[in-house]
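Below is one structure, written out as structure tokens; comments come after it.
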Amino acid sequence: MCRITGILEFTNRSISQDVLIKMRDSLSAGGPDSAGIFIDGMVGLAHRRLSIIDLSESGSQPMIWGKWVISYNGEIYNYKEVKEKLIRFGYSFNTQTDTEVIIKAFDHWGIDAMKRFRGMFAFALWDKEKKKLTLCRDRLGVKPLYWYYKNGLFLFASEIKAFHQHPSFDKNLNLSSLPHYLKKGYFHADESIYKYVKKVPPGSLMEIDSAQQIKINPYWDIQNIYENSVIDSRPEDEILEDLEPVLAEAFSLRMVADVEVGMFLSGGIDSTLVAALLQRQSSRPLQTFTIGFQDKRFNEAEVASEVANQLGTTHSTLYCTESEFKSVIPELSDIYDEPFGDASAIPTYLVSKLARKKVKVALSGDGGDELFGGYSRYKFARHSSSILSIPYPLRKVLHKLSYLISPVQIMELAAKFNISSYSQVGDKYFKFQQILLATDIEDFFEKSSSYSIDHHINKLTKRLNLKTINGVKKTPKNLISFLGMKDILTYLPGDILTKVDRASMCVALESREPFLDPEIIKFAFTIPDHLKISEKGENKYLLRKILSKYISPELLNRPKQGFSVPIEKWLHGFLKAELLEIGNDQYFFEVFEFDKNYFSQILKSFFGGENKHNPQFIWFIYCLYNWYVRWVK
């Protein structure tokens, strides 16, 4: 695991070694062990290393072999298997690294080499003979890779902060991307906050030749895998019998390392299952880590400790105070480089910091929700998608009528069901209001996974083009798999994987996601919906069945809690003064072309108890402001 960056200079200017080193060293937090550069005419590659496999100097990068030069970030978990095949084709190896395997696999198979790799990776490969740069990103987008191109200058990097070190970097903002951020809390898959900065798409190769021709070629397509999957009609017990070995093999593969490997353990189904299957295979206790909250509504530390006790892991818990959470908030803009609205980034950073004291690699349970029906919104969608059968004009009327229910009535409803927070019941009602206006199943997915409505964003930014009605598309039979596939294309790389990669790498910890293995993904799309969310509404049904062999029922049958923080409380508490202060910064409203008067209305309704705006939406604006203070103002 490392950090990479580089330059392609198509003008007559030579590449500055000092600039390249500054770009490289801006990423030193993610690669503290060693550093290297390669400059040859129009190209410069740079590397910061976090040593995980082959800790010797022979693993240093950029690595050169023949006509190839590589700067690589990630891990190929099955590199030994690929290496054996290459040896049979006549290749010899000088190191024990997976880096050398990538170079020679690409030399032998070309783009088809990517299909043979099981891992997470982002790399730059320079062909000295053809003067061509190839950028590659793993199937799911676990590892980040940004690129910038303007006026003959091409830059790439693991993090945007490297671009700021180049004197020609154009910092013009991409204001058209703001509506997506204000709805979701992250930027669209191929966009960024900057006009000339984009992301290499997951599962793709990007080529830039000496004629400045840029081509992006996908080598893996999850939508195609979903669409061609055949739903398994066998009895439940037969599917279950085949699933556990697939999970166990993929999880075990993520233990490949020459350093200590640990595990994030929240007490939820996914991380617990990973820990259970790995501990079963291990001759010594697995190291597990969790964060505790003083607020019991958000605290899963006690459950995680009990899970660890039953599994036999060596467990570490850090209970954090509100002041510790507060201390992280100002750092978020440096950690993420862009406005980033997922508040669980805060505990993710803290648990990464805890784990790094004892291990250099930590596994997570990310991906289990998308593949096995974990999100409550999937259950909500299954029960609510029939709304699309109601004529759209009637749904528009129902949408208007829904606003007659006041926040006070929603709070009374919350109290009736012992829900103390408006945001918990209010969010569900807000989603219901959203989907009433869905035009088809794709729009249904979009609206049910947004934190604000087009109307509010349009009033604030004046930049939103509202969708037109194209007619209702047929709801797919395997709706849960469909929604999971859509989240894997959008929410997973845009939010979840971004959150974990930056939070862990800024403390020099490698995070791995065992569920995001291509073999698990292929299997998961064959599982019928009723074995993901049961007829009784039990989510991750098959995973629970497997886990029931390893932990007690009272720990297993708990409602999903998630890695959340009390955003609503913070916004009404210690962040209130900062939010109100935003209204005095005229330049902020000029930069983002926001309506200052409407922003004042937003805060007035929020702090006045009307709650017309979801707390997440307010938090997104607050994160945007913090980013602006750090990188613009």
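Letters for chains follow the order of the structure tokens (A, B, ...), residue numbers begin at 1 for each chain, and ligand numbers begin at 1 in the order shown.
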
With only C-alpha atoms counted and 12 Å as the cut-off, give the residues of segment 208-264 of chain A in contact with segment 537-547 of chain A, each with its shortest interatomic distance in Å and the pair that gives it, as CSV.
```
residue,atom,partner,partner_atom,distance
A:Glu236,CA,A:Leu542,CA,8.6
A:Asp237,CA,A:Leu542,CA,9.6
A:Glu238,CA,A:Leu542,CA,11.4
A:Ile239,CA,A:Leu542,CA,8.9
A:Leu240,CA,A:Leu542,CA,6.7
A:Glu241,CA,A:Ile546,CA,9.1
A:Asp242,CA,A:Ile546,CA,11.1
A:Leu243,CA,A:Leu542,CA,8.6
A:Glu244,CA,A:Ile546,CA,7.0
A:Pro245,CA,A:Ile546,CA,10.7
A:Leu247,CA,A:Leu543,CA,9.9
A:Ala248,CA,A:Ile546,CA,11.0
```

Take the residues that were just selected and, keeping N, CA and C atoms, output them as a JSON list (two decimals), in the first residue's frame.
```json
[["chain", "number", "residue", "atom", "x", "y", "z"],
["A", 236, "GLU", "N", -32.42, -23.46, -0.02],
["A", 236, "GLU", "CA", -31.60, -22.56, 0.81],
["A", 236, "GLU", "C", -30.36, -23.23, 1.37],
["A", 237, "ASP", "N", -30.50, -24.45, 1.89],
["A", 237, "ASP", "CA", -29.36, -25.10, 2.54],
["A", 237, "ASP", "C", -28.23, -25.41, 1.56],
["A", 238, "GLU", "N", -28.57, -25.68, 0.29],
["A", 238, "GLU", "CA", -27.54, -25.96, -0.70],
["A", 238, "GLU", "C", -26.77, -24.68, -1.07],
["A", 239, "ILE", "N", -27.49, -23.56, -1.20],
["A", 239, "ILE", "CA", -26.84, -22.29, -1.48],
["A", 239, "ILE", "C", -25.94, -21.91, -0.31],
["A", 240, "LEU", "N", -26.44, -22.10, 0.89],
["A", 240, "LEU", "CA", -25.69, -21.78, 2.10],
["A", 240, "LEU", "C", -24.41, -22.60, 2.20],
["A", 241, "GLU", "N", -24.51, -23.85, 1.83],
["A", 241, "GLU", "CA", -23.35, -24.74, 1.90],
["A", 241, "GLU", "C", -22.24, -24.30, 0.95],
["A", 242, "ASP", "N", -22.62, -23.75, -0.20],
["A", 242, "ASP", "CA", -21.64, -23.29, -1.17],
["A", 242, "ASP", "C", -21.08, -21.90, -0.83],
["A", 243, "LEU", "N", -21.89, -21.08, -0.15],
["A", 243, "LEU", "CA", -21.49, -19.69, 0.11],
["A", 243, "LEU", "C", -20.33, -19.59, 1.10],
["A", 244, "GLU", "N", -20.39, -20.33, 2.20],
["A", 244, "GLU", "CA", -19.38, -20.16, 3.24],
["A", 244, "GLU", "C", -17.96, -20.41, 2.73],
["A", 245, "PRO", "N", -17.69, -21.46, 1.95],
["A", 245, "PRO", "CA", -16.33, -21.65, 1.44],
["A", 245, "PRO", "C", -15.86, -20.50, 0.53],
["A", 247, "LEU", "N", -16.76, -17.34, 0.80],
["A", 247, "LEU", "CA", -16.42, -16.25, 1.72],
["A", 247, "LEU", "C", -15.08, -16.52, 2.41],
["A", 248, "ALA", "N", -14.94, -17.73, 2.95],
["A", 248, "ALA", "CA", -13.74, -18.07, 3.71],
["A", 248, "ALA", "C", -12.47, -17.95, 2.87]]
```

Surrounding residues of Met120 of chain A excluding itself and chain neighbours under 2 positions, 8 Å, only C-alpha atoms, as a PyMOL selection string: chain A and resi 74-76+118+122+137-139+141-143

Keeping only C-alpha atoms, take the residues you just selected and write them out as a PDB file, in the first residue's frame.
```
ATOM      1  CA  GLY A  74      -2.279  -1.477  -3.505  1.00  0.00           C
ATOM      2  CA  GLU A  75      -2.052  -5.216  -3.101  1.00  0.00           C
ATOM      3  CA  ILE A  76      -2.538  -8.149  -5.477  1.00  0.00           C
ATOM      4  CA  ARG A 118      -7.697 -10.268  -7.203  1.00  0.00           C
ATOM      5  CA  ALA A 122      -4.061   1.881  -8.650  1.00  0.00           C
ATOM      6  CA  ARG A 137      -7.716   1.282 -11.106  1.00  0.00           C
ATOM      7  CA  ASP A 138      -9.130  -1.821  -9.416  1.00  0.00           C
ATOM      8  CA  ARG A 139     -12.599  -3.207 -10.145  1.00  0.00           C
ATOM      9  CA  GLY A 141     -12.426   1.686  -6.919  1.00  0.00           C
ATOM     10  CA  VAL A 142     -10.987   0.750  -3.525  1.00  0.00           C
ATOM     11  CA  LYS A 143      -7.784   2.655  -4.312  1.00  0.00           C
TER      12      LYS A 143
END
```

Set out as JSON lines a contact list for segment 298-390 of chain A and segment 190-200 of chain A with a cut-off of 12 Å, giving each residue of segment 298-390 of chain A that qualifies its closest atom pair and distance in Å to one decimal, counting only C-alpha atoms, ordered by chain and rising residue number.
```
{"residue": "A:Tyr336", "atom": "CA", "partner": "A:Ile193", "partner_atom": "CA", "distance": 11.5}
{"residue": "A:Asp337", "atom": "CA", "partner": "A:Ile193", "partner_atom": "CA", "distance": 9.3}
{"residue": "A:Glu338", "atom": "CA", "partner": "A:Ile193", "partner_atom": "CA", "distance": 6.4}
{"residue": "A:Pro339", "atom": "CA", "partner": "A:Ile193", "partner_atom": "CA", "distance": 7.7}
{"residue": "A:Phe340", "atom": "CA", "partner": "A:Ile193", "partner_atom": "CA", "distance": 10.4}
```

Only C-alpha atoms, please: the residues just picked out, written as a PDB file, in the first residue's frame.
```pdb
ATOM      1  CA  TYR A 336     -10.200  14.327   2.154  1.00  0.00           C
ATOM      2  CA  ASP A 337      -9.026  17.200  -0.122  1.00  0.00           C
ATOM      3  CA  GLU A 338     -12.638  17.683  -1.251  1.00  0.00           C
ATOM      4  CA  PRO A 339     -15.827  18.497   0.639  1.00  0.00           C
ATOM      5  CA  PHE A 340     -16.866  15.164   2.149  1.00  0.00           C
TER       6      PHE A 340
END
```

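The interatomic distance for the pair atom CA of Ile527 of chain A and atom CA of Leu479 of chain A works out to 11.5 Å.
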
Contacts of Gln616 of chain A at 10 Å (only C-alpha atoms; same-chain gap of 2+ positions) as a compact mmCIF listing (two decimals) with N, CA and C atoms, in the first residue's frame:
```
# COMPACT_ATOMS: atom_id res chain seq x y z
N LEU A 182 -24.52 18.03 -2.57
CA LEU A 182 -25.52 18.47 -1.58
C LEU A 182 -26.62 17.44 -1.37
N LYS A 183 -26.81 16.55 -2.34
CA LYS A 183 -27.79 15.47 -2.17
C LYS A 183 -27.19 14.25 -1.49
N LYS A 184 -25.91 13.96 -1.78
CA LYS A 184 -25.32 12.70 -1.33
C LYS A 184 -24.18 12.85 -0.34
N GLY A 185 -23.53 14.00 -0.32
CA GLY A 185 -22.40 14.19 0.58
C GLY A 185 -21.07 13.79 -0.02
N GLY A 341 -19.04 14.62 3.10
CA GLY A 341 -20.11 14.79 4.07
C GLY A 341 -20.45 13.60 4.93
N ASP A 342 -19.74 12.49 4.80
CA ASP A 342 -20.04 11.32 5.63
C ASP A 342 -19.38 11.51 6.99
N ALA A 343 -20.21 11.81 8.00
CA ALA A 343 -19.68 12.12 9.33
C ALA A 343 -19.05 10.91 10.01
N SER A 423 -34.41 12.92 13.45
CA SER A 423 -33.74 12.50 12.22
C SER A 423 -34.02 11.05 11.87
N ASP A 427 -36.14 11.09 8.70
CA ASP A 427 -35.45 10.65 7.49
C ASP A 427 -36.32 9.70 6.69
N SER A 450 -30.90 9.96 -1.41
CA SER A 450 -30.48 11.36 -1.31
C SER A 450 -30.88 11.94 0.04
N TYR A 451 -30.13 12.96 0.48
CA TYR A 451 -30.41 13.59 1.76
C TYR A 451 -31.10 14.94 1.62
N SER A 452 -31.30 15.38 0.39
CA SER A 452 -32.02 16.62 0.19
C SER A 452 -32.81 16.52 -1.10
N ILE A 567 -24.91 13.81 14.70
CA ILE A 567 -24.80 15.04 13.90
C ILE A 567 -25.82 16.09 14.33
N GLU A 568 -27.07 15.67 14.51
CA GLU A 568 -28.13 16.63 14.85
C GLU A 568 -27.80 17.35 16.16
N LEU A 571 -24.88 19.85 15.58
CA LEU A 571 -25.28 21.05 14.83
C LEU A 571 -26.05 22.03 15.70
N HIS A 613 -35.26 20.92 6.78
CA HIS A 613 -34.05 20.44 6.11
C HIS A 613 -33.44 19.34 6.96
N ASN A 614 -33.13 18.24 6.31
CA ASN A 614 -32.50 17.12 6.99
C ASN A 614 -31.18 17.57 7.62
N ILE A 618 -27.59 20.05 6.29
CA ILE A 618 -26.91 21.14 6.99
C ILE A 618 -25.43 20.79 7.20
N TRP A 619 -25.19 19.54 7.56
CA TRP A 619 -23.80 19.08 7.76
C TRP A 619 -23.01 19.16 6.46
N PHE A 620 -23.62 18.81 5.34
CA PHE A 620 -22.94 18.89 4.04
C PHE A 620 -22.49 20.32 3.76
N ILE A 621 -23.34 21.29 4.04
CA ILE A 621 -22.99 22.70 3.81
C ILE A 621 -21.85 23.10 4.75
N TYR A 622 -21.93 22.64 5.99
CA TYR A 622 -20.88 22.95 6.96
C TYR A 622 -19.52 22.38 6.49
```

Backbone DSSP call of strand (DSSP E or B) for segment 120-369 of chain A, listed as a PyMOL selection string: chain A and resi 120-127+132-137+146-150+153-157+173+194+197-199+204-208+214-218+261-264+287-293+314-320+361-363

Residue set, segment 106-324 of chain A restricted to helix (DSSP H, G or I), as a ChimeraX atom specification: /A:106-116,160-165,175-184,222-227,236-253,269-281,301-311,322-324

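For the pair atom CA of Thr272 of chain A and atom CA of Val259 of chain A, the separation is 22.1 Å.
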
For Asp170 of chain A, work out the shell of residues within 10 Å, counting only C-alpha atoms and skipping chain neighbours fewer than 2 positions away, then give it as a CSV table (one decimal) with N, CA and C atoms, in the first residue's frame.
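The new file result_5.csv reads:
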```
chain,number,residue,atom,x,y,z
A,148,TYR,N,-5.5,15.1,-14.0
A,148,TYR,CA,-5.7,16.5,-14.3
A,148,TYR,C,-5.1,16.7,-15.7
A,149,TYR,N,-5.8,17.4,-16.6
A,149,TYR,CA,-5.2,17.7,-17.9
A,149,TYR,C,-5.7,19.1,-18.4
A,150,LYS,N,-4.7,19.9,-18.7
A,150,LYS,CA,-5.0,21.2,-19.3
A,150,LYS,C,-3.7,21.8,-19.9
A,163,PHE,N,-1.7,17.8,-6.5
A,163,PHE,CA,-1.8,18.7,-7.6
A,163,PHE,C,-1.5,20.1,-7.2
A,164,HIS,N,-1.8,20.5,-6.0
A,164,HIS,CA,-1.6,21.8,-5.5
A,164,HIS,C,-0.1,22.2,-5.4
A,166,HIS,N,1.9,21.7,-7.9
A,166,HIS,CA,2.4,22.1,-9.2
A,166,HIS,C,2.0,23.5,-9.5
A,167,PRO,N,2.9,24.4,-9.9
A,167,PRO,CA,2.5,25.8,-10.1
A,167,PRO,C,1.5,26.1,-11.2
A,168,SER,N,1.3,25.1,-12.1
A,168,SER,CA,0.4,25.3,-13.2
A,168,SER,C,-1.0,24.7,-12.9
A,172,ASN,N,-9.7,26.2,-10.7
A,172,ASN,CA,-11.1,26.6,-11.0
A,172,ASN,C,-12.1,25.5,-10.5
A,173,LEU,N,-13.2,25.9,-9.9
A,173,LEU,CA,-14.1,25.0,-9.3
A,173,LEU,C,-15.1,24.4,-10.3
A,194,TYR,N,-13.0,20.2,-8.5
A,194,TYR,CA,-12.2,21.0,-9.5
A,194,TYR,C,-12.6,20.7,-10.9
A,195,LYS,N,-12.6,21.8,-11.7
A,195,LYS,CA,-13.1,21.7,-13.1
A,195,LYS,C,-12.3,20.8,-13.9
A,196,TYR,N,-10.9,20.7,-13.7
A,196,TYR,CA,-10.1,19.9,-14.6
A,196,TYR,C,-9.6,18.7,-13.9
A,197,VAL,N,-10.1,18.3,-12.8
A,197,VAL,CA,-9.7,17.1,-12.1
A,197,VAL,C,-10.8,16.0,-12.2
```

Selected residue of minimal separation from Asp33 of chain A among A:Lys576, A:His188, A:Arg116, A:Lys360, counting only C-alpha atoms: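 When distances to Asp33 of chain A are compared using only C-alpha atoms, the smallest one comes from A:Lys360.
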
Exercise: Glu513 of chain A partners within 8 Å, only C-alpha atoms, chain neighbours under 2 positions left out, as a VMD selection string: chain A and resid 254 363 to 367 511 515 to 516

Contacts of Lys447 of chain A within 8 Å, only C-alpha atoms, excl. fewer than 2 positions in-chain, as an MDAnalysis selection string: chainID A and resid 431 434:435 438 443:445 449:450 453

One-decimal distance in Å that lies between atom CA of Asp258 of chain A and atom CA of Ala275 of chain A: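 Straight-line distance from atom CA of Ala275 of chain A to atom CA of Asp258 of chain A works out to 19.4 Å.
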
Minimum-distance residue to Arg48 of chain A, chosen among A:Met505, A:Val303, A:Ala362, A:Ile496 (using only C-alpha atoms):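 Going through A:Met505, A:Val303, A:Ala362, A:Ile496 one by one, the smallest distance to Arg48 of chain A is for A:Met505.
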